[in-house]
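Colleague: Input my_file.cif, format and content: mmCIF, N, CA, C and O atoms.
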data_protein
#
loop_
_atom_site.label_atom_id
_atom_site.label_comp_id
_atom_site.auth_asym_id
_atom_site.auth_seq_id
_atom_site.Cartn_x
_atom_site.Cartn_y
_atom_site.Cartn_z
N MET P 1 23.72 0.03 -23.23
CA MET P 1 23.29 -0.58 -21.99
C MET P 1 22.66 -1.95 -22.32
O MET P 1 21.82 -2.05 -23.18
N ASP P 2 23.07 -2.98 -21.61
CA ASP P 2 22.52 -4.31 -21.87
C ASP P 2 21.14 -4.46 -21.21
O ASP P 2 20.69 -3.61 -20.45
N LYS P 3 20.46 -5.56 -21.51
CA LYS P 3 19.10 -5.78 -21.02
C LYS P 3 19.02 -5.81 -19.49
O LYS P 3 18.06 -5.30 -18.91
N LEU P 4 20.02 -6.42 -18.86
CA LEU P 4 20.02 -6.48 -17.40
C LEU P 4 20.11 -5.08 -16.82
O LEU P 4 19.36 -4.72 -15.91
N SER P 5 21.02 -4.29 -17.34
CA SER P 5 21.17 -2.92 -16.86
C SER P 5 19.92 -2.10 -17.10
O SER P 5 19.51 -1.29 -16.25
N GLN P 6 19.28 -2.30 -18.24
CA GLN P 6 18.03 -1.59 -18.54
C GLN P 6 16.93 -1.98 -17.56
O GLN P 6 16.20 -1.12 -17.05
N ALA P 7 16.82 -3.29 -17.32
CA ALA P 7 15.80 -3.75 -16.39
C ALA P 7 16.04 -3.20 -14.99
O ALA P 7 15.11 -2.77 -14.30
N ARG P 8 17.30 -3.18 -14.58
CA ARG P 8 17.63 -2.64 -13.25
C ARG P 8 17.36 -1.15 -13.17
O ARG P 8 16.93 -0.65 -12.12
N ALA P 9 17.58 -0.44 -14.26
CA ALA P 9 17.29 0.99 -14.28
C ALA P 9 15.79 1.24 -14.13
O ALA P 9 15.36 2.15 -13.41
N VAL P 10 14.99 0.42 -14.77
CA VAL P 10 13.54 0.53 -14.62
C VAL P 10 13.14 0.24 -13.18
O VAL P 10 12.33 0.97 -12.58
N ILE P 11 13.70 -0.81 -12.60
CA ILE P 11 13.40 -1.15 -11.20
C ILE P 11 13.78 0.00 -10.28
O ILE P 11 13.02 0.37 -9.38
N ASP P 12 14.95 0.58 -10.49
CA ASP P 12 15.38 1.71 -9.65
C ASP P 12 14.42 2.89 -9.77
O ASP P 12 14.08 3.53 -8.76
N GLU P 13 13.95 3.16 -10.97
CA GLU P 13 13.00 4.26 -11.19
C GLU P 13 11.67 3.96 -10.49
O GLU P 13 11.10 4.82 -9.82
N VAL P 14 11.19 2.74 -10.65
CA VAL P 14 9.93 2.36 -10.01
C VAL P 14 10.08 2.40 -8.49
O VAL P 14 9.18 2.87 -7.78
N ASP P 15 11.20 1.93 -7.97
CA ASP P 15 11.44 1.96 -6.52
C ASP P 15 11.39 3.39 -5.99
O ASP P 15 10.82 3.65 -4.92
N ALA P 16 11.97 4.32 -6.71
CA ALA P 16 11.94 5.73 -6.29
C ALA P 16 10.50 6.25 -6.26
O ALA P 16 10.09 6.94 -5.31
N GLN P 17 9.73 5.90 -7.28
CA GLN P 17 8.32 6.30 -7.32
C GLN P 17 7.54 5.66 -6.17
O GLN P 17 6.72 6.32 -5.52
N MET P 18 7.80 4.38 -5.94
CA MET P 18 7.10 3.68 -4.86
C MET P 18 7.44 4.27 -3.50
O MET P 18 6.55 4.37 -2.64
N ALA P 19 8.67 4.66 -3.29
CA ALA P 19 9.06 5.26 -2.01
C ALA P 19 8.31 6.57 -1.80
O ALA P 19 7.79 6.83 -0.69
N ARG P 20 8.21 7.38 -2.84
CA ARG P 20 7.46 8.64 -2.73
C ARG P 20 5.98 8.36 -2.46
O ARG P 20 5.35 9.00 -1.61
N LEU P 21 5.42 7.39 -3.17
CA LEU P 21 4.00 7.06 -2.99
C LEU P 21 3.74 6.45 -1.61
O LEU P 21 2.71 6.71 -0.99
N PHE P 22 4.68 5.65 -1.13
CA PHE P 22 4.55 5.08 0.21
C PHE P 22 4.49 6.20 1.25
O PHE P 22 3.62 6.19 2.14
N CYS P 23 5.38 7.16 1.14
CA CYS P 23 5.39 8.28 2.09
C CYS P 23 4.09 9.09 1.98
O CYS P 23 3.53 9.50 3.01
N ARG P 24 3.61 9.27 0.79
CA ARG P 24 2.35 9.98 0.58
C ARG P 24 1.20 9.20 1.22
O ARG P 24 0.32 9.78 1.86
N ARG P 25 1.20 7.89 1.05
CA ARG P 25 0.17 7.04 1.65
C ARG P 25 0.22 7.13 3.17
O ARG P 25 -0.81 7.25 3.83
N MET P 26 1.41 7.07 3.74
CA MET P 26 1.54 7.13 5.18
C MET P 26 1.14 8.51 5.72
O MET P 26 0.61 8.61 6.84
N ASP P 27 1.35 9.56 4.96
CA ASP P 27 0.85 10.89 5.36
C ASP P 27 -0.68 10.87 5.45
O ASP P 27 -1.27 11.43 6.37
N ALA P 28 -1.32 10.20 4.48
CA ALA P 28 -2.78 10.07 4.51
C ALA P 28 -3.21 9.22 5.70
O ALA P 28 -4.24 9.51 6.33
N VAL P 29 -2.43 8.19 6.01
CA VAL P 29 -2.72 7.35 7.18
C VAL P 29 -2.71 8.22 8.44
O VAL P 29 -3.58 8.08 9.30
N ARG P 30 -1.75 9.10 8.53
CA ARG P 30 -1.67 10.01 9.69
C ARG P 30 -2.96 10.83 9.82
O ARG P 30 -3.48 11.02 10.92
N ASP P 31 -3.49 11.29 8.68
CA ASP P 31 -4.74 12.05 8.70
C ASP P 31 -5.91 11.17 9.14
O ASP P 31 -6.80 11.62 9.87
N VAL P 32 -5.91 9.91 8.70
CA VAL P 32 -6.95 8.98 9.11
C VAL P 32 -6.88 8.75 10.62
O VAL P 32 -7.90 8.72 11.31
N VAL P 33 -5.67 8.61 11.14
CA VAL P 33 -5.47 8.40 12.58
C VAL P 33 -6.09 9.56 13.36
O VAL P 33 -6.82 9.35 14.33
N ALA P 34 -5.78 10.76 12.92
CA ALA P 34 -6.31 11.94 13.63
C ALA P 34 -7.83 11.93 13.62
O ALA P 34 -8.47 12.17 14.66
N TYR P 35 -8.42 11.62 12.49
CA TYR P 35 -9.87 11.58 12.39
C TYR P 35 -10.45 10.49 13.29
O TYR P 35 -11.43 10.70 14.01
N LYS P 36 -9.85 9.29 13.24
CA LYS P 36 -10.35 8.18 14.04
C LYS P 36 -10.26 8.50 15.54
O LYS P 36 -11.18 8.19 16.30
N LYS P 37 -9.16 9.11 15.96
CA LYS P 37 -9.01 9.47 17.38
C LYS P 37 -10.05 10.50 17.79
O LYS P 37 -10.64 10.39 18.87
N GLU P 38 -10.26 11.49 16.95
CA GLU P 38 -11.24 12.53 17.26
C GLU P 38 -12.66 11.97 17.35
O GLU P 38 -13.49 12.51 18.08
N ASN P 39 -12.93 10.92 16.60
CA ASN P 39 -14.28 10.39 16.51
C ASN P 39 -14.47 9.03 17.18
O ASN P 39 -15.52 8.41 17.04
N GLY P 40 -13.43 8.58 17.90
CA GLY P 40 -13.53 7.33 18.65
C GLY P 40 -13.76 6.10 17.77
O GLY P 40 -14.47 5.18 18.17
N LEU P 41 -13.15 6.09 16.60
CA LEU P 41 -13.32 4.97 15.67
C LEU P 41 -12.19 3.96 15.80
O LEU P 41 -11.07 4.32 16.18
N PRO P 42 -12.47 2.70 15.48
CA PRO P 42 -11.43 1.66 15.58
C PRO P 42 -10.38 1.81 14.48
O PRO P 42 -10.68 2.30 13.39
N ILE P 43 -9.18 1.35 14.78
CA ILE P 43 -8.10 1.39 13.79
C ILE P 43 -8.33 0.32 12.73
O ILE P 43 -8.24 0.59 11.54
N PHE P 44 -8.66 -0.87 13.16
CA PHE P 44 -8.82 -1.99 12.23
C PHE P 44 -10.26 -2.09 11.74
O PHE P 44 -11.19 -2.25 12.55
N VAL P 45 -10.44 -1.98 10.43
CA VAL P 45 -11.76 -2.09 9.81
C VAL P 45 -11.65 -3.17 8.72
O VAL P 45 -11.27 -2.89 7.59
N PRO P 46 -11.96 -4.42 9.10
CA PRO P 46 -11.77 -5.54 8.17
C PRO P 46 -12.49 -5.37 6.83
O PRO P 46 -11.94 -5.70 5.78
N GLY P 47 -13.69 -4.85 6.85
CA GLY P 47 -14.44 -4.68 5.60
C GLY P 47 -13.75 -3.73 4.64
O GLY P 47 -13.72 -3.97 3.42
N ARG P 48 -13.19 -2.67 5.17
CA ARG P 48 -12.47 -1.70 4.34
C ARG P 48 -11.23 -2.35 3.72
O ARG P 48 -10.94 -2.17 2.54
N GLU P 49 -10.52 -3.13 4.50
CA GLU P 49 -9.33 -3.79 3.98
C GLU P 49 -9.69 -4.82 2.91
O GLU P 49 -9.01 -4.91 1.89
N ARG P 50 -10.77 -5.57 3.13
CA ARG P 50 -11.21 -6.54 2.11
C ARG P 50 -11.57 -5.84 0.81
O ARG P 50 -11.25 -6.31 -0.28
N GLU P 51 -12.24 -4.71 0.93
CA GLU P 51 -12.63 -3.92 -0.25
C GLU P 51 -11.39 -3.49 -1.04
O GLU P 51 -11.34 -3.62 -2.26
N ILE P 52 -10.38 -3.02 -0.34
CA ILE P 52 -9.14 -2.59 -1.00
C ILE P 52 -8.42 -3.78 -1.62
O ILE P 52 -7.95 -3.69 -2.76
N LEU P 53 -8.34 -4.88 -0.89
CA LEU P 53 -7.68 -6.08 -1.43
C LEU P 53 -8.34 -6.55 -2.71
O LEU P 53 -7.67 -6.88 -3.69
N ASP P 54 -9.66 -6.57 -2.72
CA ASP P 54 -10.38 -6.98 -3.93
C ASP P 54 -10.10 -6.04 -5.09
O ASP P 54 -9.88 -6.47 -6.22
N ARG P 55 -10.09 -4.75 -4.79
CA ARG P 55 -9.85 -3.76 -5.84
C ARG P 55 -8.44 -3.88 -6.43
O ARG P 55 -8.27 -3.96 -7.65
N VAL P 56 -7.44 -3.94 -5.57
CA VAL P 56 -6.06 -4.00 -6.09
C VAL P 56 -5.77 -5.33 -6.77
O VAL P 56 -5.00 -5.37 -7.72
N ALA P 57 -6.38 -6.40 -6.27
CA ALA P 57 -6.20 -7.70 -6.92
C ALA P 57 -6.74 -7.65 -8.34
O ALA P 57 -6.11 -8.14 -9.28
N GLY P 58 -7.89 -7.03 -8.52
CA GLY P 58 -8.45 -6.87 -9.85
C GLY P 58 -7.61 -5.98 -10.74
O GLY P 58 -7.42 -6.26 -11.92
N GLN P 59 -7.08 -4.91 -10.16
CA GLN P 59 -6.24 -3.99 -10.93
C GLN P 59 -4.92 -4.65 -11.34
O GLN P 59 -4.38 -4.35 -12.40
N ALA P 60 -4.43 -5.54 -10.50
CA ALA P 60 -3.14 -6.18 -10.77
C ALA P 60 -3.25 -7.26 -11.84
O ALA P 60 -2.25 -7.62 -12.46
N GLY P 61 -4.44 -7.79 -12.03
CA GLY P 61 -4.60 -8.84 -13.03
C GLY P 61 -4.37 -10.21 -12.44
O GLY P 61 -3.83 -10.37 -11.34
N GLU P 62 -4.79 -11.21 -13.18
CA GLU P 62 -4.78 -12.58 -12.69
C GLU P 62 -3.39 -13.06 -12.26
O GLU P 62 -3.23 -13.69 -11.23
N ASP P 63 -2.37 -12.74 -13.05
CA ASP P 63 -1.02 -13.22 -12.75
C ASP P 63 -0.42 -12.61 -11.48
O ASP P 63 0.40 -13.24 -10.80
N MET P 64 -0.83 -11.39 -11.16
CA MET P 64 -0.22 -10.68 -10.03
C MET P 64 -1.16 -10.46 -8.86
O MET P 64 -0.76 -9.87 -7.85
N SER P 65 -2.40 -10.93 -8.95
CA SER P 65 -3.39 -10.62 -7.91
C SER P 65 -2.97 -11.13 -6.53
O SER P 65 -3.09 -10.41 -5.54
N ASP P 66 -2.45 -12.35 -6.45
CA ASP P 66 -2.02 -12.88 -5.15
C ASP P 66 -0.87 -12.07 -4.56
O ASP P 66 -0.83 -11.80 -3.36
N TYR P 67 0.05 -11.66 -5.41
CA TYR P 67 1.19 -10.86 -4.94
C TYR P 67 0.74 -9.47 -4.51
O TYR P 67 1.25 -8.92 -3.52
N ALA P 68 -0.22 -8.92 -5.23
CA ALA P 68 -0.75 -7.61 -4.85
C ALA P 68 -1.41 -7.69 -3.48
O ALA P 68 -1.25 -6.78 -2.65
N LYS P 69 -2.13 -8.78 -3.22
CA LYS P 69 -2.75 -8.95 -1.92
C LYS P 69 -1.71 -9.04 -0.80
O LYS P 69 -1.88 -8.47 0.27
N ILE P 70 -0.63 -9.74 -1.06
CA ILE P 70 0.45 -9.84 -0.07
C ILE P 70 1.05 -8.46 0.20
O ILE P 70 1.26 -8.07 1.35
N LEU P 71 1.32 -7.73 -0.87
CA LEU P 71 1.86 -6.37 -0.73
C LEU P 71 0.94 -5.50 0.11
O LEU P 71 1.38 -4.82 1.05
N TYR P 72 -0.35 -5.53 -0.21
CA TYR P 72 -1.28 -4.66 0.50
C TYR P 72 -1.54 -5.12 1.93
O TYR P 72 -1.74 -4.28 2.82
N ASN P 73 -1.51 -6.41 2.18
CA ASN P 73 -1.60 -6.87 3.57
C ASN P 73 -0.42 -6.34 4.39
O ASN P 73 -0.58 -5.94 5.54
N THR P 74 0.75 -6.29 3.77
CA THR P 74 1.92 -5.73 4.43
C THR P 74 1.73 -4.23 4.66
O THR P 74 2.05 -3.72 5.75
N LEU P 75 1.21 -3.54 3.67
CA LEU P 75 0.93 -2.10 3.84
C LEU P 75 -0.07 -1.86 4.96
O LEU P 75 0.07 -0.92 5.75
N PHE P 76 -1.10 -2.72 5.05
CA PHE P 76 -2.08 -2.58 6.12
C PHE P 76 -1.43 -2.76 7.48
O PHE P 76 -1.71 -2.01 8.42
N GLU P 77 -0.55 -3.75 7.59
CA GLU P 77 0.15 -3.98 8.85
C GLU P 77 0.98 -2.76 9.23
O GLU P 77 0.99 -2.34 10.39
N LEU P 78 1.69 -2.21 8.26
CA LEU P 78 2.50 -1.02 8.52
C LEU P 78 1.63 0.16 8.91
O LEU P 78 1.97 0.93 9.82
N SER P 79 0.51 0.31 8.24
CA SER P 79 -0.41 1.40 8.54
C SER P 79 -0.97 1.28 9.97
O SER P 79 -1.03 2.26 10.70
N ARG P 80 -1.36 0.05 10.34
CA ARG P 80 -1.87 -0.14 11.70
C ARG P 80 -0.78 0.13 12.73
O ARG P 80 -1.04 0.72 13.77
N ALA P 81 0.43 -0.31 12.46
CA ALA P 81 1.54 -0.05 13.38
C ALA P 81 1.79 1.46 13.51
O ALA P 81 2.00 1.96 14.61
N TYR P 82 1.72 2.16 12.41
CA TYR P 82 1.92 3.61 12.40
C TYR P 82 0.77 4.30 13.16
O TYR P 82 1.00 5.26 13.88
N GLN P 83 -0.43 3.78 13.01
CA GLN P 83 -1.59 4.36 13.69
C GLN P 83 -1.54 4.11 15.20
O GLN P 83 -2.09 4.89 15.97
N GLY P 84 -0.89 2.99 15.57
CA GLY P 84 -0.82 2.64 16.98
C GLY P 84 0.12 3.53 17.72
O GLY P 84 0.06 3.86 18.83
#
If you convert what's in this file into structure tokens, what do you get?

Modeller:
Amino acid sequence: MDKLSQARAVIDEVDAQMARLFCRRMDAVRDVVAYKKENGLPIFVPGREREILDRVAGQAGEDMSDYAKILYNTLFELSRAYQG
């Protein structure tokens, strides 16, 4: 297998893992929605999102921190849409 094929195989494996993790995350979002509805809490909590963005940016490292923030902002948008 050449380098391109190897790299694509890794990407395919990571994509499969990410899809499973995304579904797991959205299941947790569903639980958050139920709790928020039961307790009259707002869907959008800016401080919580900032906290997560800071954490994942640090985990991603300097080279990938901006991209991690973009990814998570997209996840937040999807989560809010799902909660709505």

Colleague: Mind pulling up the distance from CA of Val10 in chain P to CA of Ala28 in chain P?

Modeller: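 Taking CA of Ala28 in chain P as the start and CA of Val10 in chain P as the end point, the length is 26.9 Å.
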
Colleague: Exactly which residues make up the result of the PyMOL selection byres (((chain P and resi 45-51 and name CA) around 12) and name CA) on this file, given as a list of chain:residue names?

Modeller: P:Lys36, P:Leu41, P:Pro42, P:Ile43, P:Phe44, P:Ile52, P:Leu53, P:Asp54, P:Arg55, P:Val56, P:Ala57, P:Gly58, P:Lys69, P:Tyr72, P:Asn73, P:Thr74, P:Leu75, P:Phe76, P:Glu77, P:Ser79, P:Arg80

Colleague: State, in Å with one decimal place, the distance from atom O of Arg30 in chain P to atom N of Gln83 in chain P.

Modeller: 8.1 Å

Colleague: When you draw a straight line from atom C of Arg8 in chain P to atom N of Arg20 in chain P, how long is it in Å?

Modeller: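 According to the coordinates, atom C of Arg8 in chain P and atom N of Arg20 in chain P are separated by 16.2 Å.
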
Colleague: Kindly provide, as JSON, the centre and edge lengths (Å, one decimal) of an axis-aligned box around all atoms of range 2-21 of chain P given in the file, with 6 Å on each side.

Modeller:
{"center_x": 12.9, "center_y": 1.3, "center_z": -11.3, "size_x": 32.4, "size_y": 27.5, "size_z": 33.2}

Colleague: Mind filling out range 5-16 of chain P with all heavy atoms and sending it as a compact mmCIF listing (two decimals), in the frame of the given file?

Modeller:
# COMPACT_ATOMS: atom_id res chain seq x y z
N SER P 5 21.02 -4.29 -17.34
CA SER P 5 21.17 -2.92 -16.86
C SER P 5 19.92 -2.10 -17.10
O SER P 5 19.51 -1.29 -16.25
CB SER P 5 22.37 -2.25 -17.53
OG SER P 5 23.56 -2.91 -17.18
N GLN P 6 19.28 -2.30 -18.24
CA GLN P 6 18.03 -1.59 -18.54
C GLN P 6 16.93 -1.98 -17.56
O GLN P 6 16.20 -1.12 -17.05
CB GLN P 6 17.59 -1.88 -19.98
CG GLN P 6 18.46 -1.24 -21.03
CD GLN P 6 18.09 -1.68 -22.44
OE1 GLN P 6 17.44 -2.71 -22.64
NE2 GLN P 6 18.50 -0.89 -23.42
N ALA P 7 16.82 -3.29 -17.32
CA ALA P 7 15.80 -3.75 -16.39
C ALA P 7 16.04 -3.20 -14.99
O ALA P 7 15.11 -2.77 -14.30
CB ALA P 7 15.75 -5.27 -16.36
N ARG P 8 17.30 -3.18 -14.58
CA ARG P 8 17.63 -2.64 -13.25
C ARG P 8 17.36 -1.15 -13.17
O ARG P 8 16.93 -0.65 -12.12
CB ARG P 8 19.09 -2.94 -12.91
CG ARG P 8 19.29 -4.39 -12.54
CD ARG P 8 20.71 -4.70 -12.21
NE ARG P 8 20.85 -6.08 -11.72
CZ ARG P 8 21.99 -6.71 -11.63
NH1 ARG P 8 23.12 -6.11 -11.99
NH2 ARG P 8 22.04 -7.95 -11.18
N ALA P 9 17.58 -0.44 -14.26
CA ALA P 9 17.29 0.99 -14.28
C ALA P 9 15.79 1.24 -14.13
O ALA P 9 15.36 2.15 -13.41
CB ALA P 9 17.80 1.63 -15.58
N VAL P 10 14.99 0.42 -14.77
CA VAL P 10 13.54 0.53 -14.62
C VAL P 10 13.14 0.24 -13.18
O VAL P 10 12.33 0.97 -12.58
CB VAL P 10 12.81 -0.42 -15.60
CG1 VAL P 10 11.33 -0.50 -15.28
CG2 VAL P 10 13.02 0.03 -17.04
N ILE P 11 13.70 -0.81 -12.60
CA ILE P 11 13.40 -1.15 -11.20
C ILE P 11 13.78 0.00 -10.28
O ILE P 11 13.02 0.37 -9.38
CB ILE P 11 14.11 -2.46 -10.79
CG1 ILE P 11 13.45 -3.64 -11.50
CG2 ILE P 11 14.08 -2.65 -9.27
CD1 ILE P 11 14.21 -4.95 -11.38
N ASP P 12 14.95 0.58 -10.49
CA ASP P 12 15.38 1.71 -9.65
C ASP P 12 14.42 2.89 -9.77
O ASP P 12 14.08 3.53 -8.76
CB ASP P 12 16.79 2.16 -10.04
CG ASP P 12 17.87 1.15 -9.65
OD1 ASP P 12 17.58 0.22 -8.86
OD2 ASP P 12 19.00 1.28 -10.17
N GLU P 13 13.95 3.16 -10.97
CA GLU P 13 13.00 4.26 -11.19
C GLU P 13 11.67 3.96 -10.49
O GLU P 13 11.10 4.82 -9.82
CB GLU P 13 12.78 4.45 -12.69
CG GLU P 13 11.80 5.56 -13.02
CD GLU P 13 11.54 5.66 -14.52
OE1 GLU P 13 12.41 5.27 -15.32
OE2 GLU P 13 10.45 6.14 -14.87
N VAL P 14 11.19 2.74 -10.65
CA VAL P 14 9.93 2.36 -10.01
C VAL P 14 10.08 2.40 -8.49
O VAL P 14 9.18 2.87 -7.78
CB VAL P 14 9.47 0.97 -10.50
CG1 VAL P 14 8.29 0.46 -9.68
CG2 VAL P 14 9.11 1.01 -11.98
N ASP P 15 11.20 1.93 -7.97
CA ASP P 15 11.44 1.96 -6.52
C ASP P 15 11.39 3.39 -5.99
O ASP P 15 10.82 3.65 -4.92
CB ASP P 15 12.78 1.32 -6.17
CG ASP P 15 12.76 -0.19 -6.25
OD1 ASP P 15 11.65 -0.78 -6.34
OD2 ASP P 15 13.86 -0.79 -6.23
N ALA P 16 11.97 4.32 -6.71
CA ALA P 16 11.94 5.73 -6.29
C ALA P 16 10.50 6.25 -6.26
O ALA P 16 10.09 6.94 -5.31
CB ALA P 16 12.81 6.58 -7.21
